[in-house]
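Presented below is the structure to which this report refers.
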Amino acid sequence: MADTNPKPRRSFQASSILFAAVCLTIALLVLVPIGYMVFEGVTDESGAFTLQNFIKYFRRGSIREALLNTLMVAVGIGGLGTLLGVTLAFGVSRTNMRFKTLVKSTIIIAIMTPPFLITLAYIILAGPNVGFVNRALRFLLRLDTTYGPVNIYSVWSLVILGLPQGIATIFMMVFPAMENMDPYLEEAARMSGAGARRASLDVTIPLVRPAILSGLILSFGQSLALYGVPRMLNINVLTTKIRESITVMDFKMGAVLSVTVTALSLLAVFFYRRTVRSSKKYSTISAKGFRPSVMKLGRARHLFSALGLVYALFGFVIPYCTLLMASFMRSVGNGFERSNWTLQNYITLLDSDVAITAFKNSLFLGAMTATCVVLLGLIAGYIIVRARVRGRGVLEYLCNMPSGISGTALAMGLIFMYLSKPLNQLHLYGTIWLLLVAYVTRMLPSGVRYCQSALIQINTELEEASRISGASWGRTMRKVTIPLARTGMLYAWILTFVMAFPELSSSVMLRNAGTDVVATAILDLWDGAGGLPQAAAFGTVVFMLVTGLVILAQKVTGRSMIDRA
């Protein structure tokens, strides 16, 4: 006995130290920047507590306007996204509508590609001066003007351009719930004399209400954190005002606005987590196998098909075909003249030191972020799913907290953190390493979620057999858990890379000379350094890379992102 007892004790100590290190790392990544941000917001220049900063800045009309616009956009995207997302989820999962594959592809693209690419495409289409749609309308209506009639630079345009991602978020929450729901209750309602419409409204929708509410809250929180779309449309919202605070060197304003948008977002995350936990009592998945019932709608089928087609055209086909087309033009204003077509935009990108540096930086940051997030996610996911330790619920909440923090607010917290003593001695500010810290923090929720899913699918009996045979926790992880979770971890790595590669909101706050990434480079090109055609060319390259990697991730697992739930 004396010879065998020390081994498990050392194994226990090693695993406990690793668990503690991971928990401490996640707490440092998530809580410390928020702490610095809050401290800066609620103190005066001498460090004394005060709320006068909030009173001072919210007396300004532009900041009150930014708050109002932010809430309007979040409510608009959340509300319309829920209406359309639930309808599409029901149509794809429960009816015989057409274009199901096209709708699913659009959902995946809307989730994985940055919204500012769609915005860039619609500026090319509906820009008030040289936009293709406006030029066509002026010609058809014989309008004697060089402006309009459509003006894309408005709050309502921001809501509309944010809808593809909002709808996709709702769909991703509701579709699995409908797809996995036992059709017995619906069939019972129909046998009692209820029609398909009545059964859907009285049975199907109420049963997936928690999923709908979860999607609504999550979409609302994501909309609060939007930066790229309002920046390109020049709309005054909280995230763009945070960026403005850096340019005018008013850090107190940045802290106050960051605290405000973070508080709103974390409140949404809190309600989202509560809703997810309460959804268990609505479970309708039985142990027996079944196939989801598909309604034969007749003429009503065409309404769902039309909605699906419009969504696919608006969120996928039209914008990315526009980007591709504009990328081969010398000037968007010269239209479709034969002399206007060229490959020069792509050649210029290949010869541009800024573009090449940005691409290399994004590749490096994407790969490093994916690696760090998967490693942290694996250990954190193991603690949450497997370990019977106190505080794992707190750890899970910490891991999900960054999903409620906008990139601009997180970046502001990191600026305060790494410009203050003692961390200013690390000299991370203005370097690519600070960008890596921001990326890892922002992508942590998705990495933990994917790794959790991979661990849940592994039967605990295999790990228990290894431990009973005398293997330490570390050896069990290396020889059993990681090999079995390898496919899921690779899936998580690729998708984390895909989300990190085009990151904009944190990057635009933290970049410095030599640390530009593809998203900031595209924004600079759009701002005038290379014009719309070169921005479209770079955007097309990013879209092709992201799409290719998403397809690779789905090939690795043999299933779609939508079906993984």
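Each chain in the structure tokens gets a letter, A, B, ..., in the order shown, and its residues are numbered from 1; ligands are numbered from 1 in order too.
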
Inset, instruction - Would you list, as a list in words, the residues of range 37-73 of chain A that end up in alpha helix (DSSP H) under DSSP run on this structure's backbone? - result: Met37, Val38, Phe39, Glu40, Gly41, Gln52, Asn53, Phe54, Ile55, Lys56, Tyr57, Phe58, Gly61, Ser62, Ile63, Arg64, Glu65, Ala66, Leu67, Leu68, Asn69, Thr70, Leu71, Met72 and Val73 of chain A

Inset, instruction - Do a neighbour search on Ala380 in chain A at 7 Å with only C-alpha atoms, toss out local chain neighbours closer than 3 positions, and write the hits as a PyMOL selection string. - result: chain A and resi 22+376-377+383-384+448

Inset, instruction - Please identify all polymer residues within 8 Å of range 402-415 of chain A, counting only C-alpha atoms, omitting same-chain residues fewer than 4 positions from it, and present them as a ChimeraX atom specification. - result: /A:30,33-37,221-222,224-227,239,242-243,254-255,257-259,261-262,265-266,268-269,398,419,429,434,438,441-445,504-506,509-510

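Take CA of Gln52 in chain A and CA of Met253 in chain A: the distance between them is 11.4 Å.
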
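Among A:Gly333, A:Gly79, A:Gly470, A:Gly391, the residue with the shortest atom-to-atom distance to Phe220 in chain A, counting only C-alpha atoms, is A:Gly79.
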
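For the atom pair formed by CA of Arg338 in chain A and CA of Leu125 in chain A, the distance is 19.1 Å, given to one decimal.
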
Legend entry - Counting only C-alpha atoms, the residue of A:Ala110, A:Ile562, A:Ala519, A:Ala21 that sits nearest Ala312 in chain A: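 For Ala312 in chain A, the nearest of the candidates is A:Ala110.
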
Inset, instruction - Considering only C-alpha atoms, return as a PyMOL selection string whatever protein or nucleic-acid residues lie within 12 Å of range 136-139 of chain A, sequence-local ones (same chain, fewer than 2 positions apart) excluded. - result: chain A and resi 125-134+141-150+335

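Of the listed residues A:Phe49, A:Tyr320, A:Tyr122, A:Tyr439, the one whose atoms come nearest to Thr547 in chain A is A:Tyr320, with distances taken using only C-alpha atoms.
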
Please produce, as a Markdown table, a per-residue contact table for range 202-288 of chain A versus range 521-537 of chain A (criterion: any atom at most 10 Å away, only C-alpha atoms considered), showing the nearest atom pair and its distance in Å to one decimal, sorted by chain then residue number.
```
| residue | atom | partner | partner_atom | distance |
| --- | --- | --- | --- | --- |
| A:Gly228 | CA | A:Leu523 | CA | 8.7 |
| A:Arg231 | CA | A:Leu523 | CA | 9.4 |
| A:Met232 | CA | A:Leu523 | CA | 8.1 |
```

Inset, instruction - Would you list the contacts of His302 in chain A as number ranges by chain, taking every protein, DNA or RNA residue within 12 Å and counting only C-alpha atoms, but skipping same-chain residues closer than 2 positions in sequence? - result: A: 91, 95-99, 296-300, 304-310

Store the residues picked out above in a file with N, CA, C and O atoms, as an mmCIF file, in the first residue's frame.
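Result saved to again.cif:
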```
data_model
loop_
_atom_site.group_PDB
_atom_site.id
_atom_site.type_symbol
_atom_site.label_atom_id
_atom_site.label_comp_id
_atom_site.auth_asym_id
_atom_site.auth_seq_id
_atom_site.Cartn_x
_atom_site.Cartn_y
_atom_site.Cartn_z
ATOM 1 N N GLY A 91 -39.876 26.322 -41.100
ATOM 2 C CA GLY A 91 -40.011 25.895 -42.492
ATOM 3 C C GLY A 91 -39.011 24.826 -42.875
ATOM 4 O O GLY A 91 -39.357 23.822 -43.509
ATOM 5 N N THR A 95 -41.478 21.584 -42.585
ATOM 6 C CA THR A 95 -42.331 21.671 -43.779
ATOM 7 C C THR A 95 -41.598 21.137 -45.007
ATOM 8 O O THR A 95 -40.412 20.830 -44.966
ATOM 9 N N ASN A 96 -42.351 21.071 -46.101
ATOM 10 C CA ASN A 96 -41.792 20.604 -47.374
ATOM 11 C C ASN A 96 -41.378 21.774 -48.263
ATOM 12 O O ASN A 96 -41.447 21.695 -49.489
ATOM 13 N N MET A 97 -40.950 22.898 -47.647
ATOM 14 C CA MET A 97 -40.498 24.055 -48.408
ATOM 15 C C MET A 97 -39.275 23.696 -49.255
ATOM 16 O O MET A 97 -38.562 22.728 -48.992
ATOM 17 N N ARG A 98 -39.027 24.497 -50.271
ATOM 18 C CA ARG A 98 -37.858 24.317 -51.130
ATOM 19 C C ARG A 98 -36.703 25.182 -50.617
ATOM 20 O O ARG A 98 -36.858 25.987 -49.722
ATOM 21 N N PHE A 99 -35.519 24.971 -51.211
ATOM 22 C CA PHE A 99 -34.309 25.758 -50.935
ATOM 23 C C PHE A 99 -33.772 25.547 -49.512
ATOM 24 O O PHE A 99 -33.107 26.427 -48.951
ATOM 25 N N LYS A 296 -47.042 18.651 -45.283
ATOM 26 C CA LYS A 296 -47.307 18.912 -46.692
ATOM 27 C C LYS A 296 -48.213 20.140 -46.763
ATOM 28 O O LYS A 296 -49.422 20.047 -46.529
ATOM 29 N N LEU A 297 -47.626 21.276 -47.075
ATOM 30 C CA LEU A 297 -48.340 22.541 -46.910
ATOM 31 C C LEU A 297 -49.209 22.952 -48.093
ATOM 32 O O LEU A 297 -50.039 23.835 -47.949
ATOM 33 N N GLY A 298 -48.984 22.385 -49.229
ATOM 34 C CA GLY A 298 -49.728 22.862 -50.399
ATOM 35 C C GLY A 298 -49.243 24.231 -50.831
ATOM 36 O O GLY A 298 -48.048 24.480 -50.941
ATOM 37 N N ARG A 299 -50.174 25.161 -51.033
ATOM 38 C CA ARG A 299 -49.785 26.494 -51.516
ATOM 39 C C ARG A 299 -48.939 27.261 -50.498
ATOM 40 O O ARG A 299 -48.103 28.075 -50.875
ATOM 41 N N ALA A 300 -49.194 27.029 -49.215
ATOM 42 C CA ALA A 300 -48.429 27.736 -48.186
ATOM 43 C C ALA A 300 -46.940 27.417 -48.265
ATOM 44 O O ALA A 300 -46.100 28.173 -47.773
ATOM 45 N N PHE A 304 -43.075 29.899 -47.523
ATOM 46 C CA PHE A 304 -41.831 29.560 -46.835
ATOM 47 C C PHE A 304 -40.667 29.522 -47.820
ATOM 48 O O PHE A 304 -39.558 29.984 -47.513
ATOM 49 N N SER A 305 -40.899 28.969 -48.995
ATOM 50 C CA SER A 305 -39.844 28.885 -50.007
ATOM 51 C C SER A 305 -39.402 30.277 -50.429
ATOM 52 O O SER A 305 -38.203 30.542 -50.594
ATOM 53 N N ALA A 306 -40.380 31.180 -50.609
ATOM 54 C CA ALA A 306 -40.054 32.551 -51.013
ATOM 55 C C ALA A 306 -39.246 33.259 -49.941
ATOM 56 O O ALA A 306 -38.266 33.957 -50.236
ATOM 57 N N LEU A 307 -39.640 33.073 -48.667
ATOM 58 C CA LEU A 307 -38.899 33.702 -47.578
ATOM 59 C C LEU A 307 -37.466 33.165 -47.523
ATOM 60 O O LEU A 307 -36.510 33.937 -47.361
ATOM 61 N N GLY A 308 -37.322 31.854 -47.668
ATOM 62 C CA GLY A 308 -35.984 31.257 -47.668
ATOM 63 C C GLY A 308 -35.135 31.759 -48.815
ATOM 64 O O GLY A 308 -33.943 32.047 -48.646
ATOM 65 N N LEU A 309 -35.725 31.885 -49.995
ATOM 66 C CA LEU A 309 -34.986 32.362 -51.163
ATOM 67 C C LEU A 309 -34.572 33.819 -50.991
ATOM 68 O O LEU A 309 -33.433 34.194 -51.308
ATOM 69 N N VAL A 310 -35.488 34.656 -50.486
ATOM 70 C CA VAL A 310 -35.166 36.071 -50.268
ATOM 71 C C VAL A 310 -34.019 36.202 -49.260
ATOM 72 O O VAL A 310 -33.094 37.000 -49.448
#
```

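Between CA of Leu233 in chain A and CA of Ile152 in chain A the separation is 7.4 Å.
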
Legend entry - Selected residue, from A:Ile124, A:Leu323, A:Leu428, A:Val86, that lies nearest to Arg209 in chain A when counting only C-alpha atoms: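 Comparing A:Ile124, A:Leu323, A:Leu428, A:Val86 against Arg209 in chain A, the winner is A:Val86.
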